[in-house]
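Colleague: If you scroll down you'll find the structure; I have some questions about it.
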Amino acid sequence: MHGTELLHDLAVVMLVAGITTILCHRLKQPVALGYIVAGVIIGPYTPIMMVSDEDTIRGLGDLGVVLLMFSLGLEFSLRKLTRVGASAFVAALLEIVLMIWLGYEVGRAFGWNTMDSVFLGAMLSISSTTIIVKALAELGKSREVFAEIIFGILVIEDILAIILLALLSGFARTGHLHAEQVGVEVLKLAVFFVMVLVVGFILVPRLFNYIAKFKSNEMLLIAALGLCFGVALVANMLNYSVALGAFLIGAVIAEARQIHKIEDLTAPVRDVFSAIFFVTIGMLIDPQMLVKYAWPIFVLSLLVIVGKVVTCSFGVFVGGRNLRTSLSVGMGLAQIGEFSFIIAALGQKLEVTSGFLYPIAVAVSVITTLVTPYLIRATDGTVAFIERAAPRPLMQGLFVYTSWIGSFGKQAPRPLVLLVRRMTWQMLVNLLLTIGVFLLGRWIAGWDYSYLPERVRTIEVHEELVWLGVMLITSPIYLASARKIQAMAMLIAEICVPMAASGQQGSAARMVIGQVFVLASFMVMTFVTVLLSTSILGSVESKTVLGAVETLLPLLLIATVAALLFRPILVRIYSRAEIALHETLVELPRLRQETAKIIPDLLHEAEIDTVEIPRTSRMVGLKLREIPLRQQTGASIVAIERGGQRLINPGPDEVLHAGDHVLLLGNTDQLPAACELLGTA
């Protein structure tokens with residue numbers, strides 16, 4: 001019986017939506033308007049009940065949000081985000097801050113209390129991703145430059161919205177904002193991002209390469225949708241937006257070779273469920289509520305349109321884009337949507353806001369949604385009017401500013417600085433991956449431990465086994481980080497005290513700087529490891545300091561011995577993962593154009609590593625010209641540390657000694673082979 005009711009509801013939704021969209025198309029109106037009108041017709045506020053199970057229809061509409069964000073991720077790969085990152089971040093941050101302030105002030109002007117005004121400002125600050133994606137697709141502007149910036153702003157907005165939700169929850173409970181809460185939420189979100197992206201970039205393209213061998217569109221579609229819904233579910237379990245999870249996995253799949261085929265296969269499924277989503281928005285509209293709060297709805301709709309056009313356009317312009325692009329972005333972002341509903345619902349759930357905020361949010365969203373396509377179409381005319389009406393000195397000043405901002409970043413950084421910057425990012429990714437694995441271990445530590453033999457069936461043994469497993473998984477990351485720290489120490493010492501500062505004092509200064517950096521880095525690694533370990537070893541927290549040391553010390557000793565014994569294998573595992581990630585992201589934008597005149601091509605894809613020359617190495621006593629390093633591996637020796645002294649760019653007649661720390665330059669394929677050659681007995 002339930003299946004028949006669902007079939008009836010879907011038939012009503014699709015038939016009414018089909019009729020209204022045909023009418024809108026004939027009248028040259030946006031298709032989304034037809035869906036919303038259909039929602040009003042079949043909604044619960046009309047005299048005739050046409051839909052029996054509204055919750056099920058809304059659930060299907062939620063799938064539309066997931067699929068729309070997934071398709072956005074497929075079209076908006078990370079290489080596009082790198083192109084628009086600065087402008088998008090400045091615009092998103094400026095827009096959110098200013099709109100929260102404007103919304104709060106307007107709420108107070110209406111006589112609403114502080115909590116209602118704060119939540120109102122938050123509701124007005126986040127634009128609707130689904131509505132904008134749909135509107136740009138209908139207008140055929142999804143691949144234009146301003147659309148890429150809009151998508152970048154939407155991604156950053158969704159990230160900031162998650163942090164905003166956490167802040168609002170804390171503010172609603174305590175009436176205060178806590179800095180530590182913000183830091184924890186940002187760290188958790190960064191870990192989630194890195195885990196999804198790094199693991200996805202390594203595994204997902206290879207998965208689709210395997211599936212493509214069967215030449216089955218059905219298998220390709222099911223695999224793509226399975227990943228989409230799976231990662232969205234994981235995001236929801238971690239209290240993040242399902243839309244964010246769907247977007248991230250879409251961006252990962254966008255790096256697969258089969259991306260165009262996947263886009264074609266998923267488009268019809270996306271269109272069906274996105275239509276249901278827009279119908280559910282129309283079903284939320286209560287005509288009586290529109291009449292009752294007509295004045296606040298009108299004022300807030302005007303505030304959203306004018307405020308977002310001004311703040312977003314200004315933010316994008318400050319980020320270095322010209323007037324036409326900036327205004328196009330502002331016109332495209334002048335609406336609110338699904339995140340506004342989530343924020344309004346949060347206030348109701350926590351019982352800190354008035355009941356009228358939710359219907360007002362829906363009404364403002366509908367009005368601004370209807371206006372969005374017309375604003376986008378009016379961009380060219382608005383820009384032409386501004387160019388005609390504005391004083392010529394003002395337009396010249398705007399052009400000079402845009403050119404000045406655009407010139408930033410065109411001066412290439414020094415080669416050593418570029419390498420240090422790259423390695424710093426790699427270390428940050430390693431840290432976030434490590435935190436992610438420890439958080440996973442913390443979750444597993446909460447499982448039932450009845451699997452253990454009865455003689456050792458205790459919570460302590462279970463936690464220790466989980467901890468050892470986590471250390472085994474992260475040990476390749478630790479070893480790679482240790483090698484990168486040593487390499488960075490040599491580079492940083494050279495940057496701080498160049499070889500031009502010759503003499504004994506310059507050499508001593510470089511040695512001190514390098515050793516201090518290594519010591520500080522390893523102290524930080526140890527502190528972070530102990531801190532993360534206590535999250536798994538919960539029983540340690542109940543012990544005294546001496547008891548905790550007695551528990552952790554043997555475990556650390558076991559992990560260290562195992563890492564040393566299996567060091568070659570662990571290094572090989574990390575190198576293969578790094579190679580796989582590099583192969584996936586080989587299309588990402590490099591700094592080739594900016595640095596081509598200063599930095600050799602090798603440095604664009606270069607990595608660096610260090611290796612200590614053992615006494616048993618066959619290369620000990622040979623001159624660098626006699627070592628077939630470049631011929632056999634392609635890597636090069638760029639520095640040697642010997643007895644606290646550093647030789648940068650050693651000459652071909654330099655002899656290699658046992659105990660030398662050699663700095664190698666090469667790509668991810670060459671470095672493991674070079675380390676093996678220099679360490680071979």
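Following the order of the structure tokens, chains are lettered A, B, ..., residues in each are numbered from 1, and ligands are numbered from 1.
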If you take only C-alpha atoms and a cut-off of 7 Å, which residues of range 241-333 of chain A touch range 362-380 of chain A, and what are their nearest atom pairs and distances in Å to one decimal, in chain and number order, as a Markdown table?

Modeller:
| residue | atom | partner | partner_atom | distance |
| --- | --- | --- | --- | --- |
| A:Leu284 | CA | A:Val362 | CA | 6.9 |
| A:Ile285 | CA | A:Ala363 | CA | 6.6 |
| A:Leu290 | CA | A:Ala363 | CA | 7.0 |
| A:Ile297 | CA | A:Val364 | CA | 6.0 |
| A:Leu300 | CA | A:Val364 | CA | 6.8 |
| A:Ser301 | CA | A:Val364 | CA | 5.3 |
| A:Ile305 | CA | A:Thr368 | CA | 6.9 |
| A:Leu327 | CA | A:Thr379 | CA | 6.9 |
| A:Ser328 | CA | A:Thr379 | CA | 5.7 |
| A:Met331 | CA | A:Leu375 | CA | 5.4 |
| A:Gly332 | CA | A:Ile376 | CA | 5.6 |

Colleague: Sort by chain and increasing residue number a table of all residues of range 259-354 of chain A within 9 Å of range 107-122 of chain A, each with its closest pair of atoms and their distance in Å to one decimal, counting only C-alpha atoms, and write it as CSV.

Modeller:
residue,atom,partner,partner_atom,distance
A:Pro296,CA,A:Phe110,CA,7.9
A:Ser340,CA,A:Ala122,CA,7.5
A:Ile343,CA,A:Phe119,CA,7.1
A:Ala344,CA,A:Phe119,CA,7.0
A:Gly347,CA,A:Phe119,CA,7.2
A:Val352,CA,A:Met115,CA,6.7
A:Thr353,CA,A:Asp116,CA,5.2
A:Ser354,CA,A:Asp116,CA,6.7

Colleague: Go ahead and write the selection's residues with C-alpha atoms as a PDB file, in the first residue's frame.

Modeller:
ATOM      1  CA  PRO A 296       9.876  42.028   6.734  1.00  0.00           C
ATOM      2  CA  SER A 340      19.438  29.278   5.437  1.00  0.00           C
ATOM      3  CA  ILE A 343      20.280  27.579  10.207  1.00  0.00           C
ATOM      4  CA  ALA A 344      16.629  28.487  10.833  1.00  0.00           C
ATOM      5  CA  GLY A 347      17.394  27.813  16.011  1.00  0.00           C
ATOM      6  CA  VAL A 352      16.244  29.939  21.001  1.00  0.00           C
ATOM      7  CA  THR A 353      14.514  31.604  18.005  1.00  0.00           C
ATOM      8  CA  SER A 354      10.952  32.619  17.234  1.00  0.00           C
TER       9      SER A 354
END

Colleague: Which value, in Å to one decimal, gives the distance between CA of Gly103 in chain A and CA of Val299 in chain A?

Modeller: 10.6 Å

Colleague: Report as JSON, numbers by chain: the residues of range 114-304 of chain A with a DSSP assignment of alpha helix (DSSP H), based on the backbone of this structure.

Modeller: {"A": [114, 115, 116, 117, 118, 119, 120, 121, 122, 123, 124, 125, 129, 130, 131, 132, 133, 134, 135, 136, 137, 138, 139, 145, 146, 147, 148, 149, 150, 151, 152, 153, 154, 155, 156, 157, 158, 159, 160, 161, 162, 163, 164, 165, 166, 167, 168, 169, 170, 171, 172, 173, 174, 179, 180, 181, 182, 183, 184, 185, 186, 187, 188, 189, 190, 191, 192, 193, 194, 195, 196, 197, 198, 199, 200, 201, 202, 203, 204, 205, 206, 207, 208, 209, 210, 211, 212, 217, 218, 219, 220, 221, 222, 223, 224, 225, 226, 227, 228, 229, 230, 231, 232, 233, 234, 235, 236, 237, 242, 243, 244, 245, 246, 247, 248, 249, 250, 251, 252, 253, 259, 260, 261, 262, 263, 264, 265, 266, 267, 268, 269, 270, 271, 272, 273, 274, 275, 276, 277, 278, 279, 280, 281, 282, 283, 287, 288, 289, 290, 291, 292, 294, 295, 296, 297, 298, 299, 300, 301, 302, 303, 304]}

Colleague: Taking only C-alpha atoms into account, which of A:Leu233, A:Ala482, A:Ile536, A:Ile19 comes nearest Val37 in chain A?

Modeller: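 Looking at the shortest contact to Val37 in chain A, the residue is A:Ile19.
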
Colleague: Kindly give the distance, in Å, that separates CA of Ile249 in chain A and CA of Val231 in chain A, rounded to a single decimal.

Modeller: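 These atoms are spaced 6.7 Å apart.
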